[in-house]
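So this block is protein00.cif, mmCIF, C-alpha atoms:
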data_query
loop_
_atom_site.label_atom_id
_atom_site.label_comp_id
_atom_site.auth_asym_id
_atom_site.auth_seq_id
_atom_site.Cartn_x
_atom_site.Cartn_y
_atom_site.Cartn_z
CA MET I 72 112.43 144.96 70.06
CA GLN I 73 113.44 141.80 71.85
CA SER I 74 110.73 139.15 71.95
CA ASP I 75 109.49 137.53 75.17
CA LYS I 76 110.75 134.17 74.09
CA SER I 77 114.32 135.37 73.91
CA VAL I 78 114.23 136.42 77.57
CA ALA I 79 113.81 132.86 78.84
CA ILE I 80 116.63 130.38 78.91
CA LYS I 81 115.58 126.99 77.62
CA THR I 82 116.99 124.08 79.51
CA LYS I 83 116.34 120.39 79.24
CA PRO I 84 114.14 119.18 82.13
CA THR I 85 116.27 116.98 84.40
CA PHE I 86 115.67 115.18 87.67
CA HIS I 87 117.66 117.18 90.26
CA ARG I 88 118.13 114.37 92.79
CA LYS I 89 120.41 116.33 95.13
CA LYS I 90 118.28 119.47 95.22
CA LEU I 91 115.10 117.46 95.67
CA SER I 92 116.75 115.67 98.61
CA PHE I 93 117.55 119.02 100.23
CA LEU I 94 113.94 120.11 99.69
CA VAL I 95 112.60 116.91 101.28
CA ILE I 96 114.85 117.43 104.32
CA ALA I 97 113.57 121.01 104.58
CA HIS I 98 109.99 119.70 104.36
CA ILE I 99 110.65 117.18 107.12
CA ALA I 100 112.08 119.97 109.30
CA ASN I 101 109.22 122.36 108.53
CA ASP I 102 106.39 119.90 109.18
CA SER I 103 108.05 118.38 112.24
CA CYS I 104 107.29 121.67 114.01
CA PHE I 105 103.57 121.05 113.59
CA GLY I 106 103.94 117.57 115.06
CA PHE I 107 105.05 119.17 118.35
CA LEU I 108 101.58 120.43 119.26
CA SER I 109 99.39 117.33 119.65
CA PRO I 110 101.46 115.55 122.36
CA ILE I 111 101.79 118.69 124.53
CA ILE I 112 98.12 119.78 124.45
CA PRO I 113 97.35 118.04 127.81
CA ILE I 114 100.38 119.82 129.34
CA LEU I 115 99.29 123.21 128.00
CA LYS I 116 95.77 122.61 129.31
CA GLU I 117 97.07 122.02 132.83
CA MET I 118 99.72 124.75 132.81
CA LEU I 119 97.40 127.53 131.63
CA ASN I 120 94.10 126.13 132.93
CA ILE I 121 92.65 126.17 129.43
CA PRO I 122 88.96 125.17 129.34
CA LEU I 123 87.99 122.37 126.96
CA SER I 124 85.98 124.83 124.88
CA LEU I 125 89.25 126.60 123.98
CA VAL I 126 91.41 123.49 123.63
CA GLY I 127 89.45 122.61 120.51
CA PHE I 128 90.56 125.86 118.88
CA LEU I 129 94.32 125.30 119.24
CA GLY I 130 94.58 123.29 116.04
CA PRO I 131 92.31 125.56 113.96
CA THR I 132 94.28 128.61 115.14
CA LEU I 133 97.46 127.05 113.76
CA ALA I 134 95.61 126.14 110.58
CA ALA I 135 94.08 129.60 110.17
CA THR I 136 97.38 131.10 109.03
CA GLY I 137 99.14 127.86 108.05
CA ALA I 138 96.42 126.77 105.63
CA LEU I 139 94.35 129.80 104.68
CA GLY I 140 97.47 131.95 104.43
CA GLN I 141 98.90 129.75 101.69
CA PRO I 142 96.98 131.37 98.78
CA ILE I 143 98.35 134.78 99.81
CA PHE I 144 101.94 133.58 99.96
CA GLY I 145 101.25 131.49 96.85
CA MET I 146 100.62 134.72 94.93
CA ILE I 147 103.85 136.16 96.37
CA ALA I 148 105.78 133.00 95.45
CA ASP I 149 104.45 133.07 91.88
CA ARG I 150 106.04 136.50 91.47
CA PHE I 151 109.26 136.38 93.53
CA GLN I 152 110.32 132.68 93.93
CA LYS I 153 112.76 133.62 96.75
CA ASN I 154 114.58 131.33 99.19
CA TRP I 155 113.61 133.49 102.16
CA LEU I 156 110.04 132.20 101.79
CA LEU I 157 111.38 128.65 102.27
CA ALA I 158 113.55 129.70 105.22
CA LEU I 159 110.66 131.36 107.06
CA GLY I 160 108.87 127.99 107.22
CA PRO I 161 111.10 126.20 109.75
CA VAL I 162 112.12 129.44 111.50
CA LEU I 163 108.54 130.52 112.29
CA GLY I 164 107.20 126.99 112.69
CA GLY I 165 109.88 126.19 115.26
CA LEU I 166 108.29 128.72 117.60
CA ILE I 167 105.77 126.04 118.55
CA ALA I 168 108.54 124.47 120.65
CA PHE I 169 108.25 127.52 122.93
CA ALA I 170 104.53 126.95 123.58
CA THR I 171 105.21 125.65 127.10
CA THR I 172 107.07 128.86 128.02
CA VAL I 173 104.15 131.30 127.54
CA ASN I 174 102.32 132.50 130.64
CA SER I 175 98.86 133.29 129.29
CA ILE I 176 96.23 131.87 126.96
CA PRO I 177 96.23 134.92 124.60
CA MET I 178 100.01 134.64 124.22
CA LEU I 179 99.68 130.94 123.36
CA PHE I 180 97.15 131.65 120.62
CA LEU I 181 99.31 134.50 119.30
CA LEU I 182 102.35 132.19 119.17
CA LEU I 183 100.38 129.54 117.23
CA PHE I 184 99.05 132.21 114.88
CA VAL I 185 102.57 133.42 114.05
CA ALA I 186 103.98 129.88 113.80
CA GLY I 187 101.28 129.03 111.25
CA LEU I 188 102.62 131.75 108.97
CA GLY I 189 105.73 129.60 108.52
CA SER I 190 103.72 126.87 106.86
CA ALA I 191 101.98 129.44 104.68
CA CYS I 192 105.36 130.79 103.53
CA PHE I 193 107.01 127.42 102.96
CA HIS I 194 104.52 125.18 101.17
CA PRO I 195 103.50 127.14 98.03
CA ILE I 196 107.04 127.79 96.77
CA ALA I 197 108.34 124.41 97.99
CA SER I 198 105.63 122.62 95.99
CA VAL I 199 106.66 124.53 92.85
CA ARG I 200 110.34 123.77 93.43
CA ALA I 201 109.48 120.07 93.87
CA VAL I 202 107.95 120.11 90.39
CA GLN I 203 110.91 122.02 88.92
CA PHE I 204 113.46 119.63 90.45
CA SER I 205 111.57 116.57 89.16
CA GLY I 206 112.10 117.17 85.46
CA LYS I 207 109.84 114.88 83.47
CA ARG I 208 109.13 112.72 86.57
CA LYS I 209 106.93 115.34 88.23
CA GLY I 210 104.48 112.89 89.81
CA LEU I 211 107.25 110.93 91.54
CA GLY I 212 109.16 114.02 92.65
CA VAL I 213 106.18 115.80 94.21
CA SER I 214 105.03 112.62 95.92
CA ILE I 215 108.46 112.11 97.50
CA TYR I 216 108.38 115.74 98.64
CA ILE I 217 104.93 115.32 100.25
CA ALA I 218 105.94 112.02 101.86
CA GLY I 219 108.72 113.99 103.57
CA GLY I 220 106.09 116.20 105.16
CA ARG I 221 104.15 113.21 106.46
CA MET I 222 107.35 111.83 107.94
CA GLY I 223 108.12 115.20 109.52
CA VAL I 224 104.81 115.37 111.41
CA SER I 225 105.40 111.87 112.81
CA LEU I 226 108.98 112.66 113.83
CA GLY I 227 107.93 115.93 115.48
CA ALA I 228 105.30 114.23 117.61
CA ALA I 229 107.72 111.47 118.60
CA MET I 230 110.47 113.98 119.42
CA ALA I 231 108.19 116.14 121.59
CA THR I 232 106.93 113.09 123.47
CA PHE I 233 110.44 111.75 124.08
CA VAL I 234 111.91 115.08 125.23
CA VAL I 235 109.06 115.92 127.61
CA THR I 236 109.11 112.39 129.06
CA LYS I 237 112.89 112.33 129.47
CA PHE I 238 113.76 115.94 130.30
CA GLY I 239 110.47 117.64 131.16
CA VAL I 240 108.86 120.65 129.47
CA GLU I 241 112.02 122.68 130.07
CA GLY I 242 113.77 120.66 127.37
CA LEU I 243 111.15 121.26 124.68
CA PRO I 244 112.51 124.61 123.36
CA TYR I 245 115.86 122.93 122.58
CA THR I 246 114.16 120.65 120.05
CA CYS I 247 113.86 123.56 117.61
CA ILE I 248 117.64 124.12 117.32
CA VAL I 249 118.08 121.75 114.38
CA VAL I 250 114.95 123.15 112.73
CA PHE I 251 116.25 126.72 113.05
CA ILE I 252 119.63 125.71 111.61
CA ILE I 253 117.98 124.11 108.56
CA GLY I 254 115.86 127.22 108.12
CA PHE I 255 118.90 129.52 108.06
CA LEU I 256 120.78 127.18 105.70
CA LEU I 257 117.90 127.48 103.22
CA LEU I 258 118.86 131.14 102.76
CA PHE I 259 122.23 130.11 101.31
CA LEU I 260 121.51 126.83 99.51
CA ASN I 261 121.27 127.01 95.73
CA LEU I 262 117.77 125.68 95.24
CA ASP I 263 117.34 126.90 91.69
CA THR I 264 116.96 124.89 88.49
CA GLY I 265 118.79 127.44 86.37
CA GLN I 266 115.57 128.26 84.53
CA GLU I 267 114.55 131.90 84.38
CA ILE I 268 110.98 133.05 84.51
CA HIS I 269 109.77 135.20 81.65
CA LYS I 270 110.17 138.86 82.48
CA LYS I 271 106.78 139.57 81.02
CA GLN I 272 105.07 136.74 82.89
CA SER I 273 103.94 138.90 85.81
CA GLU I 274 102.46 141.38 83.35
CA LYS I 275 100.64 138.68 81.40
CA ASN I 276 99.41 136.96 84.57
CA PRO I 277 98.78 139.66 87.19
CA ILE I 278 98.67 138.47 90.79
CA ASP I 279 95.41 139.88 92.12
CA LEU I 280 91.91 138.91 93.17
CA LYS I 281 91.17 137.96 89.57
CA SER I 282 93.95 135.33 89.82
CA LEU I 283 92.23 133.76 92.83
CA VAL I 284 88.93 133.52 90.95
CA THR I 285 90.63 132.10 87.84
CA VAL I 286 92.53 129.48 89.79
CA PHE I 287 89.55 128.32 91.82
CA ARG I 288 87.28 128.08 88.78
CA SER I 289 89.84 126.00 86.90
CA LEU I 290 90.54 123.75 89.88
CA MET I 291 87.03 123.51 91.35
CA GLY I 292 86.42 119.89 90.35
CA LEU I 293 89.88 118.73 91.41
CA TRP I 294 89.64 120.76 94.63
CA PHE I 295 86.41 119.05 95.71
CA ILE I 296 87.85 115.62 94.88
CA ASN I 297 90.83 116.37 97.10
CA TYR I 298 88.52 117.75 99.80
CA PHE I 299 86.39 114.58 99.85
CA ARG I 300 89.52 112.41 100.00
CA THR I 301 90.99 114.47 102.83
CA VAL I 302 87.77 114.25 104.85
CA VAL I 303 88.05 110.46 104.64
CA THR I 304 91.71 110.33 105.71
CA MET I 305 91.19 112.90 108.48
CA SER I 306 88.21 110.90 109.77
CA ILE I 307 90.52 107.91 110.16
CA SER I 308 93.11 109.99 112.01
CA PHE I 309 90.53 111.64 114.27
CA TYR I 310 88.01 108.88 114.99
CA LEU I 311 89.43 105.42 114.17
CA SER I 312 90.66 104.77 117.72
CA ILE I 313 87.27 105.72 119.16
CA TYR I 314 85.52 103.59 116.54
CA LEU I 315 87.62 100.51 117.30
CA ILE I 316 87.19 100.92 121.07
CA GLU I 317 83.42 101.11 120.55
CA LYS I 318 83.70 97.82 118.65
CA GLY I 319 85.37 96.23 121.66
CA ASN I 320 89.03 96.62 120.70
CA SER I 321 91.77 98.04 122.91
CA PHE I 322 93.26 101.55 122.87
CA ALA I 323 96.59 100.05 121.76
CA ASP I 324 94.85 98.30 118.86
CA GLY I 325 93.52 101.65 117.65
CA GLY I 326 96.93 103.32 117.80
CA PHE I 327 98.56 100.33 116.12
CA SER I 328 96.03 100.47 113.26
CA ILE I 329 96.55 104.21 112.69
CA SER I 330 100.33 103.72 112.61
CA PHE I 331 100.00 101.14 109.83
CA PHE I 332 97.55 103.38 107.98
CA LEU I 333 100.02 106.30 107.99
CA LEU I 334 102.97 104.08 107.07
CA ALA I 335 101.02 102.77 104.09
CA ALA I 336 100.10 106.37 103.24
CA ALA I 337 103.75 107.41 102.85
CA ILE I 338 104.54 104.39 100.67
CA GLY I 339 101.37 104.78 98.63
CA GLY I 340 102.12 108.45 97.99
CA ILE I 341 105.48 107.66 96.43
CA CYS I 342 104.07 104.78 94.36
CA GLY I 343 101.19 106.94 93.16
CA GLY I 344 103.60 109.60 91.94
CA TYR I 345 105.67 107.02 90.08
CA PHE I 346 102.66 105.46 88.34
CA SER I 347 101.18 108.87 87.48
CA ASP I 348 104.27 109.59 85.39
CA LEU I 349 103.63 106.36 83.48
CA PHE I 350 99.84 106.21 83.19
CA GLY I 351 98.68 109.79 83.88
CA ARG I 352 97.51 111.85 86.87
CA ARG I 353 93.81 111.38 86.12
CA SER I 354 94.09 107.58 86.04
CA VAL I 355 95.86 107.43 89.42
CA ILE I 356 93.28 109.76 91.04
CA ILE I 357 90.41 107.61 89.79
CA LEU I 358 92.04 104.32 90.79
CA SER I 359 92.96 105.64 94.24
CA LEU I 360 89.31 106.28 95.07
CA LEU I 361 88.06 103.20 93.22
CA ILE I 362 90.36 100.95 95.29
CA GLY I 363 90.53 102.92 98.54
CA THR I 364 86.80 103.38 99.18
CA PRO I 365 85.69 99.71 99.13
CA CYS I 366 88.86 98.61 100.96
CA LEU I 367 88.14 101.04 103.77
CA GLY I 368 84.52 99.93 103.90
CA ILE I 369 85.58 96.28 104.23
CA SER I 370 88.07 97.22 106.94
CA LEU I 371 85.58 99.19 109.04
CA TYR I 372 82.84 96.59 108.84
CA SER I 373 85.11 93.57 109.41
CA ASN I 374 85.38 91.95 112.83
CA ASP I 375 88.44 89.93 111.88
CA ILE I 376 91.64 91.68 113.03
CA PHE I 377 93.77 90.45 110.13
CA ILE I 378 91.25 91.38 107.42
CA ARG I 379 90.58 94.76 109.03
CA LEU I 380 94.29 95.63 109.19
CA LEU I 381 95.04 94.32 105.70
CA PHE I 382 92.31 96.36 104.02
CA LEU I 383 93.09 99.39 106.19
CA ILE I 384 96.69 99.30 104.90
CA LEU I 385 95.46 98.97 101.30
CA SER I 386 93.05 101.88 101.74
CA GLY I 387 95.76 104.08 103.28
CA ALA I 388 98.12 103.42 100.39
CA ALA I 389 95.33 103.99 97.86
CA PHE I 390 93.90 107.22 99.29
CA TYR I 391 97.30 108.86 99.76
CA SER I 392 98.60 107.71 96.36
CA GLN I 393 96.85 110.72 94.79
CA MET I 394 97.93 113.40 97.27
CA GLY I 395 101.08 114.51 95.45
CA VAL I 396 99.51 113.63 92.11
CA SER I 397 96.69 116.12 92.69
CA VAL I 398 99.17 118.91 93.37
CA THR I 399 101.12 118.13 90.19
CA TYR I 400 97.88 117.85 88.21
CA ALA I 401 96.77 121.28 89.49
CA GLN I 402 100.07 122.90 88.56
CA GLU I 403 99.89 121.40 85.07
CA MET I 404 96.37 122.77 84.66
CA ILE I 405 97.46 126.31 85.61
CA PRO I 406 101.26 126.54 85.16
CA GLU I 407 101.21 130.34 85.23
CA HIS I 408 99.93 130.25 88.82
CA ALA I 409 101.66 127.07 90.01
CA ALA I 410 102.33 128.16 93.60
CA LEU I 411 98.81 129.53 94.02
CA ALA I 412 97.36 126.28 92.64
CA SER I 413 99.42 124.26 95.13
CA SER I 414 98.20 126.36 98.05
CA PHE I 415 94.59 125.70 97.10
CA MET I 416 95.17 121.95 96.78
CA LEU I 417 97.07 121.63 100.07
CA GLY I 418 96.45 124.42 102.57
CA VAL I 419 92.87 125.41 101.80
CA VAL I 420 91.76 121.79 101.37
CA TRP I 421 93.35 120.82 104.69
CA PHE I 422 91.74 123.71 106.55
CA CYS I 423 88.25 123.07 105.14
CA SER I 424 88.55 119.35 105.85
CA SER I 425 89.61 120.00 109.44
CA MET I 426 86.57 122.23 109.90
CA THR I 427 84.39 119.28 108.83
CA MET I 428 85.61 117.06 111.67
CA PRO I 429 83.60 118.75 114.46
CA LEU I 430 80.45 118.35 112.37
CA ILE I 431 81.11 114.63 111.95
CA GLY I 432 81.68 114.40 115.71
CA VAL I 433 78.33 116.07 116.46
CA ILE I 434 76.50 113.68 114.11
CA ALA I 435 78.35 110.73 115.67
CA ASP I 436 77.27 111.86 119.15
CA TYR I 437 73.66 111.67 117.99
CA PHE I 438 73.64 108.50 115.85
CA GLY I 439 76.70 106.68 117.19
CA ILE I 440 80.24 106.44 115.84
CA LEU I 441 79.70 102.82 114.70
CA ILE I 442 77.05 104.01 112.23
CA VAL I 443 78.46 107.39 111.20
CA MET I 444 82.12 106.45 110.65
CA PRO I 445 81.70 103.86 107.84
CA ILE I 446 78.89 105.78 106.16
CA THR I 447 80.91 109.02 106.17
CA CYS I 448 84.00 107.40 104.66
CA ILE I 449 82.09 105.48 102.00
CA PHE I 450 79.90 108.48 101.10
CA PHE I 451 82.76 110.97 100.72
CA GLY I 452 84.96 108.41 98.93
CA THR I 453 82.20 107.49 96.46
CA PHE I 454 81.28 111.12 95.77
CA GLY I 455 84.94 111.91 95.15
CA LEU I 456 85.15 109.02 92.69
CA LEU I 457 82.13 110.25 90.74
CA LEU I 458 83.73 113.68 90.41
CA ALA I 459 87.08 112.14 89.45
CA LEU I 460 85.47 110.42 86.48
CA ARG I 461 84.62 113.87 85.13
CA LEU I 462 88.19 115.20 85.31
CA PRO I 463 89.54 116.45 81.98
CA LYS I 464 92.41 114.65 80.28
CA LEU I 465 95.47 116.86 80.01
CA GLU I 466 97.46 117.10 76.78
CA ASN I 467 100.36 115.04 78.14
CA PHE I 468 98.14 112.13 79.19
#
Structure re-expressed in structure tokens:
Amino acid sequence: MQSDKSVAIKTKPTFHRKKLSFLVIAHIANDSCFGFLSPIIPILKEMLNIPLSLVGFLGPTLAATGALGQPIFGMIADRFQKNWLLALGPVLGGLIAFATTVNSIPMLFLLLFVAGLGSACFHPIASVRAVQFSGKRKGLGVSIYIAGGRMGVSLGAAMATFVVTKFGVEGLPYTCIVVFIIGFLLLFLNLDTGQEIHKKQSEKNPIDLKSLVTVFRSLMGLWFINYFRTVVTMSISFYLSIYLIEKGNSFADGGFSISFFLLAAAIGGICGGYFSDLFGRRSVIILSLLIGTPCLGISLYSNDIFIRLLFLILSGAAFYSQMGVSVTYAQEMIPEHAALASSFMLGVVWFCSSMTMPLIGVIADYFGILIVMPITCIFFGTFGLLLALRLPKLENF
């Protein structure tokens, strides 16, 4: 009888630069769709007479399928590893460009619900492919892939703003043409490493509820570290402008600061991946929180514009340096459920963190944003650091 080992084809891990580039472009296209929503929310509110109580649920509706759906499609991706899962990302996500064409509030929420499925389809398998294409430089490869997503969200928001300003809401649906084309091309591109999965793997590692429990137990510590980090970075995105205005700064100053924070985040993510390949995932995760937390504290409490911006940039680079590293670390901890592990570290973390933002807002309404904002960031950053110190050392590092 043929052994399991003979079924797999052993190949030397190589850095597939071309295929990784295609994957990054696909990630930019996929996540650009989700950048469309924020700029057009005021337009949707006026067009459909949406009450403020419902406006707050537009984002969570998109996240409900886009984030929480990732573990489900992660289990599918672990078994099938098909390109159609990648293609569904931009194709379904691009439907957000048609949000201004719906004529009722229920239809708008249905459209966002379906569009979110695209993210759930795309991210689990794309994260696994990013690791496969990176060879021995997994940290760098995954970080470049994730930086593409951050760039995509920014480009999507800028594109939606430009088109609506220049051509009106009638021009918005045309913005999805390029995204749809990239989605269809993904069906035909050869995004395979040439490595075959063991035929017996699905029998040895059944994809069921037990898999979910196994993955979460193994990743619990890392998951909470990533959750605490994401709460900090989301707090900056959500509340920094309000915080700075309360301190007497201008609206433009708040937007300018957030732009630098996100720019530093993209650069820091790539650098973190590179250094994790040299010094280990665990070391980068610890250092990111050890450097990022005090830098952000100094920035928020400083009244000097230069010092505040400098330490805000440093904190952005530090906090985001571990984003791709955490995904790679999770996949290395549970390689037999790599896609499922990625979905927990990205989608589920993002959804749970976004659900924390309203709570922070309620507390800030009571005690004041000037008190709550720095304390929240320092508390969550410090708690994440304490958990990071307890992370196990993997065999490779």
Which residue of I:Ser205, I:Phe193, I:Val240, I:Ile356 approaches Trp155 in chain I most closely, using all atoms listed in the file: I:Phe193
Spatial neighbours of Ile442 in chain I, max dist 12 Å, only C-alpha atoms, sep filter under 2 positions, as a PyMOL selection string: chain I and resi 314+317-318+368+371-372+431-432+434-440+444-449
Residue IDs satisfying the PyMOL selection byres ((chain I and resi 90-101) around 6), as a compact mmCIF listing (two decimals) with C-alpha atoms, in the frame of the given file:
# COMPACT_ATOMS: atom_id res chain seq x y z
CA HIS I 87 117.66 117.18 90.26
CA ARG I 88 118.13 114.37 92.79
CA LYS I 89 120.41 116.33 95.13
CA ASP I 102 106.39 119.90 109.18
CA SER I 103 108.05 118.38 112.24
CA CYS I 104 107.29 121.67 114.01
CA GLY I 160 108.87 127.99 107.22
CA PRO I 161 111.10 126.20 109.75
CA PHE I 204 113.46 119.63 90.45
CA TYR I 216 108.38 115.74 98.64
CA GLY I 219 108.72 113.99 103.57
CA GLY I 220 106.09 116.20 105.16
CA GLY I 223 108.12 115.20 109.52
CA VAL I 250 114.95 123.15 112.73
Nearest to Thr172 in chain I, chosen from I:Ser370, I:Leu211, I:Phe107, I:Leu243, with only C-alpha atoms counted in the distances: I:Leu243
Picked residues, the PyMOL selection byres ((chain I and resi 190) around 9), as a list of chain:residue names: I:Asn101, I:Asp102, I:Phe105, I:Ala134, I:Thr136, I:Gly137, I:Ala138, I:Gly140, I:Gln141, I:Leu159, I:Gly160, I:Pro161, I:Leu163, I:Gly164, I:Ala186, I:Gly187, I:Leu188, I:Gly189, I:Ala191, I:Cys192, I:Phe193, I:His194, I:Pro195, I:Gly418
All residues 7 Å or closer to Leu183 in chain I, only C-alpha atoms, same chain fewer than 4 positions away omitted, as JSON, numbers by chain: {"I": [132, 133, 167, 179, 187]}
Among listed residues I:Ser312, I:Thr453, I:Ser424, I:Gln393, nearest Ile217 in chain I (using only C-alpha atoms): I:Gln393
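The closest residue to Val396 in chain I, picked from I:Leu417, I:Cys423, I:Val224, I:Leu361 and counting all atoms listed in the file, is I:Leu417.
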Nearest candidate to Ile338 in chain I (options I:Ala158, I:Met426, I:Leu457, I:Ala388; using all atoms listed in the file): I:Ala388
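CA of Leu108 in chain I sits 12.1 Å away from CA of Val235 in chain I.
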Atom-to-atom span, CA of Val420 in chain I and CA of Tyr298 in chain I, Å: 5.4 Å
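For the residues I:Phe255, I:Phe233, I:Tyr391, I:Phe238, ranking by smallest atom-to-atom distance to Ser214 in chain I using all atoms listed in the file places I:Tyr391 first.
Applied to this file, the PyMOL selection byres ((chain I and resi 344) around 7) selects Gly210, Leu211, Ser214, Gly340, Ile341, Cys342, Gly343, Tyr345, Phe346, Ser347, Asp348, Ser392, Gly395 and Val396 of chain I.
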Answer as a CSV table (one decimal) with C-alpha atoms, in the coordinates of the input, residues within 8 Å of (93.2, 108.7, 92.6) using all atoms listed in the file:
chain,number,residue,atom,x,y,z
I,352,ARG,CA,97.5,111.8,86.9
I,353,ARG,CA,93.8,111.4,86.1
I,354,SER,CA,94.1,107.6,86.0
I,355,VAL,CA,95.9,107.4,89.4
I,356,ILE,CA,93.3,109.8,91.0
I,357,ILE,CA,90.4,107.6,89.8
I,358,LEU,CA,92.0,104.3,90.8
I,359,SER,CA,93.0,105.6,94.2
I,360,LEU,CA,89.3,106.3,95.1
I,361,LEU,CA,88.1,103.2,93.2
I,389,ALA,CA,95.3,104.0,97.9
I,390,PHE,CA,93.9,107.2,99.3
I,392,SER,CA,98.6,107.7,96.4
I,393,GLN,CA,96.8,110.7,94.8
I,459,ALA,CA,87.1,112.1,89.4
Residues proximal to (111.7, 123.5, 98.7) were defined as those with any atom within 7 Å of that point in the file's coordinates, counting all atoms listed in the file. Which are they, as a tab-separated table (two decimals) with C-alpha atoms, in the frame of the given file?
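File produced: result_13.tsv:
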chain	number	residue	atom	x	y	z
I	94	LEU	CA	113.94	120.11	99.69
I	97	ALA	CA	113.57	121.01	104.58
I	157	LEU	CA	111.38	128.65	102.27
I	196	ILE	CA	107.04	127.79	96.77
I	197	ALA	CA	108.34	124.41	97.99
I	198	SER	CA	105.63	122.62	95.99
I	200	ARG	CA	110.34	123.77	93.43
I	201	ALA	CA	109.48	120.07	93.87
Who sits within 10 Å of Pro110 in chain I, only C-alpha atoms, same chain under 3 positions skipped, as a ChimeraX atom specification: /I:106-107,113-115,227-233,235
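Here CA of Pro244 in chain I is placed at a distance of 27.1 Å from CA of Phe309 in chain I.
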